[in-house]
Each structure stands twice: as structure tokens, then as C-alpha cells.
>>> print(open('final.txt').read())   # compact mmCIF, C-alpha atoms and all ligand atoms
# COMPACT_ATOMS: atom_id res chain seq x y z
CA MET A 1 17.87 12.53 10.70
CA SER A 2 19.32 10.56 7.84
CA LEU A 3 16.17 9.15 6.15
CA GLU A 4 13.78 11.16 3.97
CA LEU A 5 10.66 9.78 2.30
CA TYR A 6 9.17 11.32 -0.82
CA PHE A 7 5.54 10.32 -1.01
CA HIS A 8 1.89 11.33 -1.27
CA PRO A 9 -0.54 10.51 1.57
CA LEU A 10 -3.15 9.04 -0.83
CA SER A 11 -0.83 6.76 -2.78
CA SER A 12 -1.19 3.05 -2.12
CA PHE A 13 2.47 2.25 -2.82
CA CYS A 14 3.47 5.07 -0.46
CA HIS A 15 1.16 3.64 2.22
CA LYS A 16 3.13 0.41 1.89
CA ALA A 17 6.45 2.15 2.68
CA LEU A 18 4.89 4.25 5.46
CA ILE A 19 3.52 1.13 7.20
CA ALA A 20 7.05 -0.34 7.22
CA LEU A 21 8.50 2.87 8.71
CA TYR A 22 5.75 3.15 11.34
CA GLU A 23 6.01 -0.56 12.29
CA ASN A 24 9.47 0.09 13.68
CA ASP A 25 9.09 3.77 14.63
CA THR A 26 11.90 4.48 12.17
CA PRO A 27 12.57 8.24 12.18
CA PHE A 28 12.36 9.95 8.80
CA GLU A 29 11.71 13.34 7.32
CA PRO A 30 8.50 13.33 5.23
CA HIS A 31 8.37 15.17 1.89
CA VAL A 32 4.91 15.30 0.33
CA VAL A 33 5.17 15.39 -3.47
CA ASP A 34 2.37 17.23 -5.27
CA LEU A 35 2.48 16.02 -8.86
CA ALA A 36 -0.09 18.66 -9.82
CA ASP A 37 2.36 21.37 -8.79
CA GLU A 38 5.08 22.03 -11.40
CA THR A 39 7.75 23.04 -8.83
CA SER A 40 7.10 20.04 -6.59
CA ARG A 41 7.05 17.65 -9.57
CA ALA A 42 10.27 19.06 -11.05
CA ALA A 43 12.07 18.87 -7.68
CA PHE A 44 10.98 15.26 -7.25
CA ARG A 45 12.07 14.28 -10.77
CA LYS A 46 15.56 15.55 -9.96
CA ILE A 47 15.70 12.95 -7.20
CA TRP A 48 14.04 10.16 -9.24
CA PRO A 49 13.54 10.95 -12.96
CA ILE A 50 11.06 8.06 -13.35
CA GLY A 51 8.73 10.23 -11.25
CA LYS A 52 6.97 7.48 -9.29
CA PHE A 53 6.78 7.45 -5.52
CA PRO A 54 7.61 6.37 -2.84
CA VAL A 55 11.34 7.13 -2.90
CA LEU A 56 13.59 6.86 0.15
CA ARG A 57 16.70 9.01 0.44
CA ASP A 58 19.37 8.00 2.95
CA GLU A 59 21.69 11.01 3.34
CA ALA A 60 24.01 9.21 5.76
CA LYS A 61 24.79 6.50 3.20
CA ASP A 62 24.22 8.72 0.14
CA ARG A 63 21.68 6.24 -1.27
CA THR A 64 18.46 6.89 -3.19
CA ILE A 65 16.05 3.94 -3.06
CA PRO A 66 12.96 3.86 -5.31
CA GLU A 67 10.34 1.05 -5.40
CA SER A 68 8.29 0.25 -2.31
CA SER A 69 9.60 -3.33 -1.97
CA MET A 70 13.22 -2.17 -2.28
CA ILE A 71 12.59 0.51 0.35
CA ILE A 72 11.29 -2.13 2.77
CA GLU A 73 14.16 -4.50 1.98
CA TYR A 74 16.58 -1.61 2.59
CA LEU A 75 14.94 -0.72 5.90
CA ALA A 76 14.98 -4.37 6.99
CA GLN A 77 18.68 -4.59 6.15
CA HIS A 78 19.97 -1.23 7.40
CA TYR A 79 17.39 -0.03 9.94
CA PRO A 80 15.88 -3.20 11.47
CA GLY A 81 13.41 -2.99 14.34
CA ARG A 82 11.01 -5.06 16.42
CA THR A 83 8.93 -6.09 13.35
CA ARG A 84 11.08 -8.24 11.10
CA LEU A 85 9.75 -7.07 7.74
CA VAL A 86 11.74 -9.67 5.77
CA PRO A 87 12.43 -12.97 7.57
CA THR A 88 16.04 -14.08 7.96
CA ASP A 89 15.16 -17.68 7.02
CA ALA A 90 15.65 -17.98 3.24
CA ASP A 91 12.48 -20.00 2.55
CA ALA A 92 10.34 -17.73 4.72
CA ALA A 93 11.88 -14.69 2.97
CA LEU A 94 10.98 -16.22 -0.42
CA GLN A 95 7.36 -16.70 0.71
CA THR A 96 7.28 -13.08 1.90
CA ARG A 97 8.64 -11.76 -1.39
CA MET A 98 6.23 -13.94 -3.39
CA ARG A 99 3.24 -12.58 -1.48
CA ASP A 100 4.62 -9.03 -1.76
CA ARG A 101 4.84 -9.42 -5.54
CA PHE A 102 1.37 -10.97 -5.69
CA TYR A 103 -0.28 -8.11 -3.81
CA ASP A 104 1.59 -5.47 -5.82
CA LEU A 105 1.13 -6.92 -9.29
CA TYR A 106 -2.27 -8.62 -9.10
CA VAL A 107 -4.15 -6.49 -6.56
CA ASN A 108 -2.55 -3.04 -6.33
CA VAL A 109 -1.73 -2.56 -10.02
CA PRO A 110 -5.19 -3.58 -11.38
CA MET A 111 -6.87 -1.58 -8.58
CA GLN A 112 -4.84 1.47 -9.67
CA LYS A 113 -5.74 0.89 -13.32
CA ILE A 114 -9.45 0.98 -12.44
CA VAL A 115 -9.11 4.06 -10.23
CA THR A 116 -6.78 6.11 -12.45
CA ASP A 117 -8.91 5.48 -15.54
CA ARG A 118 -11.41 7.81 -13.85
CA LEU A 119 -8.80 10.60 -13.90
CA ARG A 120 -8.24 10.42 -17.66
CA PRO A 121 -9.49 13.25 -19.87
CA ALA A 122 -12.91 12.64 -21.45
CA GLY A 123 -12.65 10.36 -24.47
CA ARG A 124 -9.22 9.01 -23.43
CA ASN A 125 -10.47 6.18 -21.23
CA ASP A 126 -9.41 2.56 -21.66
CA PRO A 127 -12.55 0.42 -21.09
CA HIS A 128 -10.88 -2.76 -22.39
CA GLY A 129 -7.90 -2.31 -20.04
CA VAL A 130 -10.25 -1.63 -17.14
CA GLU A 131 -12.24 -4.82 -17.89
CA GLU A 132 -8.98 -6.81 -17.92
CA ALA A 133 -7.94 -5.20 -14.63
CA LYS A 134 -11.30 -6.07 -13.04
CA ALA A 135 -10.99 -9.71 -14.15
CA LEU A 136 -7.41 -9.95 -12.81
CA LEU A 137 -8.45 -8.42 -9.50
CA GLN A 138 -11.30 -10.92 -9.12
CA THR A 139 -9.01 -13.88 -9.86
CA ALA A 140 -6.43 -12.61 -7.37
CA CYS A 141 -9.04 -11.99 -4.65
CA GLY A 142 -10.48 -15.48 -5.20
CA LEU A 143 -7.05 -17.06 -4.61
CA LEU A 144 -6.36 -14.86 -1.58
CA GLU A 145 -9.79 -15.62 -0.11
CA GLU A 146 -8.88 -19.34 0.05
CA GLU A 147 -5.41 -18.64 1.38
CA MET A 148 -6.58 -16.31 4.15
CA ALA A 149 -9.00 -18.90 5.54
CA THR A 150 -6.17 -20.28 7.68
CA ARG A 151 -3.79 -17.33 8.14
CA THR A 152 -3.64 -14.30 10.40
CA TRP A 153 -1.20 -12.38 8.20
CA ALA A 154 -0.23 -12.73 4.53
CA THR A 155 2.35 -15.44 5.04
CA GLY A 156 1.15 -16.97 8.31
CA GLU A 157 1.44 -15.78 11.88
CA ALA A 158 4.10 -13.06 11.54
CA PHE A 159 3.46 -9.57 10.14
CA SER A 160 5.88 -8.82 7.27
CA MET A 161 6.56 -6.84 4.10
CA ALA A 162 3.78 -8.84 2.42
CA ASP A 163 1.25 -7.31 4.84
CA CYS A 164 2.63 -3.82 4.13
CA ALA A 165 1.82 -4.54 0.45
CA ALA A 166 -1.55 -6.13 1.18
CA ALA A 167 -2.97 -3.37 3.41
CA PRO A 168 -3.33 -0.46 0.94
CA ALA A 169 -4.03 -2.75 -2.03
CA LEU A 170 -6.95 -4.44 -0.23
CA PHE A 171 -8.12 -1.19 1.35
CA TYR A 172 -8.62 0.50 -2.01
CA ALA A 173 -9.84 -2.68 -3.76
CA ASN A 174 -12.55 -2.93 -1.10
CA THR A 175 -13.76 0.57 -1.98
CA LEU A 176 -14.25 -0.52 -5.60
CA SER A 177 -16.28 -3.58 -4.69
CA PRO A 178 -16.83 -4.28 -0.96
CA PHE A 179 -15.54 -7.72 0.11
CA THR A 180 -18.19 -8.49 2.73
CA GLY A 181 -20.46 -11.30 1.55
CA THR A 182 -18.13 -12.27 -1.31
CA TYR A 183 -14.66 -12.46 0.22
CA ASN A 184 -15.31 -12.87 3.94
CA ASN A 185 -11.81 -14.10 4.81
CA LEU A 186 -10.27 -11.16 2.98
CA SER A 187 -12.71 -8.83 4.71
CA SER A 188 -11.61 -10.15 8.13
CA TYR A 189 -7.94 -9.86 7.11
CA LEU A 190 -8.53 -6.27 6.00
CA GLY A 191 -10.12 -5.62 9.40
CA ARG A 192 -6.97 -6.89 11.12
CA LEU A 193 -4.81 -4.70 8.86
CA ILE A 194 -6.88 -1.60 9.62
CA ALA A 195 -6.63 -2.35 13.35
CA ARG A 196 -2.83 -2.59 13.10
CA PRO A 197 -1.49 0.70 14.59
CA SER A 198 0.94 1.32 11.69
CA PHE A 199 -1.78 1.17 9.03
CA ALA A 200 -4.34 2.92 11.26
CA ARG A 201 -1.90 5.84 11.45
CA VAL A 202 -1.39 5.86 7.66
CA LEU A 203 -5.17 5.96 7.10
CA GLU A 204 -5.65 8.67 9.68
CA GLU A 205 -3.03 10.82 7.95
CA ALA A 206 -4.63 10.13 4.55
CA GLN A 207 -8.12 11.05 5.75
CA PRO A 208 -7.88 14.79 4.90
CA TYR A 209 -6.88 13.84 1.34
CA PHE A 210 -9.69 11.35 0.65
CA ALA A 211 -11.79 14.16 -0.85
CA LEU A 212 -9.30 14.08 -3.77
CA PHE A 213 -9.81 10.33 -4.30
CA PRO A 214 -11.41 9.73 -7.72
CA MET A 215 -14.18 7.44 -6.51
CA GLU A 216 -17.91 7.63 -6.95
CA ARG A 217 -18.07 6.93 -3.22
CA LYS A 218 -15.34 8.12 -0.83
CA PRO A 219 -13.72 5.58 1.48
CA GLU A 220 -14.48 5.91 5.15
CA ILE A 221 -12.68 4.00 7.87
CA THR A 222 -14.90 2.16 10.29
CA ARG A 223 -12.86 1.49 13.42
CA PRO A 224 -13.00 -1.95 15.02
CA ARG A 225 -15.58 -1.84 17.80
CA SER A 226 -14.63 -4.84 19.91
CA GLU A 227 -12.95 -7.80 18.24
CA PRO A 228 -10.43 -6.57 15.64
CA LYS A 229 -10.53 -9.89 13.75
CA GLU A 230 -14.23 -9.51 12.96
CA TYR A 231 -14.60 -5.75 12.54
CA GLY A 232 -12.69 -2.96 10.91
CA GLU A 233 -14.61 -3.15 7.68
CA ILE A 234 -14.66 -0.23 5.35
CA ALA A 235 -17.96 1.45 4.72
CA ALA A 236 -18.54 3.64 1.69
CA GLN A 237 -20.46 6.84 2.06
CA GLY A 238 -22.67 8.15 -0.69
N1 LIG B 1 6.48 -0.27 -8.51
C1 LIG B 1 6.37 1.00 -7.85
C2 LIG B 1 5.03 1.63 -8.17
C3 LIG B 1 4.95 3.05 -7.69
C4 LIG B 1 3.71 3.76 -8.20
O1 LIG B 1 3.01 3.31 -9.14
N2 LIG B 1 3.44 4.91 -7.61
C5 LIG B 1 2.32 5.72 -8.04
C6 LIG B 1 1.50 6.17 -6.84
S1 LIG B 1 0.72 4.83 -6.00
C7 LIG B 1 2.84 6.97 -8.71
O2 LIG B 1 3.94 7.40 -8.46
N3 LIG B 1 2.02 7.57 -9.57
C8 LIG B 1 2.35 8.81 -10.17
C9 LIG B 1 2.59 8.70 -11.65
O3 LIG B 1 2.60 7.57 -12.18
O4 LIG B 1 2.76 9.76 -12.27
C10 LIG B 1 6.57 0.81 -6.33
O5 LIG B 1 6.38 -0.31 -5.84
O6 LIG B 1 6.98 1.77 -5.65
>>> encode(input="final.txt", output="C-alpha cells")
Amino acid sequence: MSLELYFHPLSSFCHKALIALYENDTPFEPHVVDLADETSRAAFRKIWPIGKFPVLRDEAKDRTIPESSMIIEYLAQHYPGRTRLVPTDADAALQTRMRDRFYDLYVNVPMQKIVTDRLRPAGRNDPHGVEEAKALLQTACGLLEEEMATRTWATGEAFSMADCAAAPALFYANTLSPFTGTYNNLSSYLGRLIARPSFARVLEEAQPYFALFPMERKPEITRPRSEPKEYGEIAAQG
């Protein structure tokens, strides 16, 4: 097996890469990185000194690929499958990359800021930064809510890299402030993402780790009961 993925099952950016791998049943060797463990962290930093995951290692081509979007671009180029993660048409590819950037920078990053602030040592929190992140997240969700009124997937009717980015970002954002009632189109889109077998598998594998998630309320996956477009909402348990 030539591909290895360094990741953590709770990490939203790692979910994004895992969805892409599972979409095309791309074989890879998983390496779970435990940043709390000195040996695991040091071994990972030898592979990628920046220390952020996911990182893909391709032994056959002797390539190390960091950054979730670059990993998906690399897979689309070198290990394509039935789901075309990046369209071949240049304009469609641009739309996909734009949506990928939007979900990463304006949904995932502010969501992470809000969540990771809870992990900071007492007295070292950043309330101003968290307020800014909350405002950015609301603006982004408002724009996406309008956009998703007429789309099945992030860029239209075909599942792509942009949906790999959207799934974990929206999943965790919904645990901070549930979409139902406020962002109904986004809520339905999230339901479709959760019903997608690739993301359902990622969430199932993350389930044992949710106890470590620094939330007041832990996320729980509610499976679609009949019509995937309408169900699949996330409930939060107290
Ligand atoms: N731009 C990067 C972001 C990666 C990222 O922020 N990963 C987080 C986990 S979701 C991480 O490695 N956190 C550990 C740390 O910052 O020490 C990507 O798209 O892969």
C-alpha cells in the first residue's frame, strides 16, 4: 500500500481528507497522531514539522502532502475514482476551489477558534477573538443558507472537494449553535452530508472519540429515518 494518512479521528480537517479517500475507496494505511503523547507528536513532526494534520505520505512517489485541500487535489490527480473530487472543466474547478476555500476559512477556521478556546488554560482565553469568530461564522452561514436553497451539493448537483470541506465544518458548527429553525437549507444540506456513506463512516469512526470533544454538549449523530434530504439532523445530548 503506497498511501499513508496521518490524522486524528476528531479533527475536522482530517475528516475532510478521510471523506475524499472513502468516496473512492482509495486504499491507505491510517496513522492516528496523538498530539498529547510526546512520542507520537515527535514522530509526526519529523514527517511535517508544522505539526498540523492531515498529512498524506505517498511512499511510491516519495511525496509528502500536507493541507487537506492539497491532499484532495493530489488524490484527484494521481488516484482518481468514481467521484470526481475536482472537476476537469476549468470553470467548474474554480467554483469547487472557491467553495472549498470558503468552507475552510469562514466556517471551519472560526468554528475551530470557538471550540479550541475552551481548551486553553484558565485565564488564557481570547474572548474578543471568539466574538469575532462567532460573527464571521454567522455571516458565512447566512450566505450559505441562501446559496443552498437551490443546490443539492456545495457547487450544484455533483459531490466534490467542496462537500468534503463543508461536511465536518458544518457538522461541528451545528453543535455550537443548531441550524434548525435558523438555517433550514443548511440543516437539510447537513442531513444529506451525514447520509453520504463516506461521511457517515467518518462520523462512525469518530464516535468513540467524541467524549474528548471540548463541548458543553457532546455531538450525537441522528441517522436519517426515511428521506435523507429532510432528516439527518444532529441532536445534542445534555
Ligand atoms: N489548513 C490546514 C489546517 C489543518 C489544521 O488546522 N489541523 C488541526 C486539526 S483540525 C491541527 O492539526 N491542530 C493541531 C495543532 O494545531 O496543534 C488543512 O487544511 O489541512
>>> residues_near_ligand(input="final.txt", ligand="ligand LIG 1 (chain B)", cutoff="8 Å", atoms="only C-alpha atoms and all ligand atoms", output="compact mmCIF listing (two decimals) with C-alpha atoms, in the frame of the given file")
# COMPACT_ATOMS: atom_id res chain seq x y z
CA HIS A 8 1.89 11.33 -1.27
CA LEU A 10 -3.15 9.04 -0.83
CA SER A 11 -0.83 6.76 -2.78
CA SER A 12 -1.19 3.05 -2.12
CA PHE A 13 2.47 2.25 -2.82
CA CYS A 14 3.47 5.07 -0.46
CA LEU A 35 2.48 16.02 -8.86
CA GLY A 51 8.73 10.23 -11.25
CA LYS A 52 6.97 7.48 -9.29
CA PHE A 53 6.78 7.45 -5.52
CA PRO A 54 7.61 6.37 -2.84
CA VAL A 55 11.34 7.13 -2.90
CA PRO A 66 12.96 3.86 -5.31
CA GLU A 67 10.34 1.05 -5.40
CA SER A 68 8.29 0.25 -2.31
CA SER A 69 9.60 -3.33 -1.97
CA MET A 70 13.22 -2.17 -2.28
CA ASP A 104 1.59 -5.47 -5.82
CA VAL A 109 -1.73 -2.56 -10.02
CA GLN A 112 -4.84 1.47 -9.67
>>> residues_around(input="final.txt", residues="Gly129 in chain A", least_positions_apart="5", cutoff="9 Å", atoms="all atoms listed in the file", output="VMD selection string")
chain A and resid 113 to 114 134
>>> atom_distance(input="final.txt", atom1="CA of Pro178 in chain A", atom2="CA of Asp126 in chain A")
23.0 Å
>>> closest_residue(input="final.txt", among="A:Arg84, A:Arg201, A:Arg101, A:Arg57", to="Ala169 in chain A", atoms="only C-alpha atoms")
A:Arg101
>>> atom_distance(input="final.txt", atom1="CA of Glu132 in chain A", atom2="CA of Met111 in chain A")
10.9 Å
>>> residues_around(input="final.txt", residues="Val32 in chain A", least_positions_apart="2", cutoff="9 Å", atoms="only C-alpha atoms", output="tab-separated table (two decimals) with C-alpha atoms, keeping the file's coordinate frame")
chain	number	residue	atom	x	y	z
A	5	LEU	CA	10.66	9.78	2.30
A	6	TYR	CA	9.17	11.32	-0.82
A	7	PHE	CA	5.54	10.32	-1.01
A	8	HIS	CA	1.89	11.33	-1.27
A	9	PRO	CA	-0.54	10.51	1.57
A	30	PRO	CA	8.50	13.33	5.23
A	34	ASP	CA	2.37	17.23	-5.27
A	40	SER	CA	7.10	20.04	-6.59
>>> residues_around(input="final.txt", residues="Tyr183 in chain A", least_positions_apart="6", cutoff="8 Å", atoms="only C-alpha atoms", output="PyMOL selection string")
chain A and resi 141-142+145
>>> residues_around(input="final.txt", residues="Ala92 in chain A", least_positions_apart="2", cutoff="12 Å", atoms="all atoms listed in the file", output="list of chain:residue names")
A:Arg84, A:Leu85, A:Val86, A:Pro87, A:Thr88, A:Asp89, A:Ala90, A:Leu94, A:Gln95, A:Thr96, A:Arg97, A:Met98, A:Arg99, A:Ala154, A:Thr155, A:Gly156, A:Glu157, A:Ala158, A:Phe159, A:Ser160, A:Met161, A:Ala162
>>> closest_residue(input="final.txt", among="A:Tyr22, A:Phe102, A:Tyr79, A:Phe28", to="Phe199 in chain A", atoms="all atoms listed in the file")
A:Tyr22
>>> residues_around(input="final.txt", residues="Asn184 in chain A", least_positions_apart="3", cutoff="12 Å", atoms="only C-alpha atoms", output="PyMOL selection string")
chain A and resi 141-142+144-149+174+178-181+187-191+229-231+233
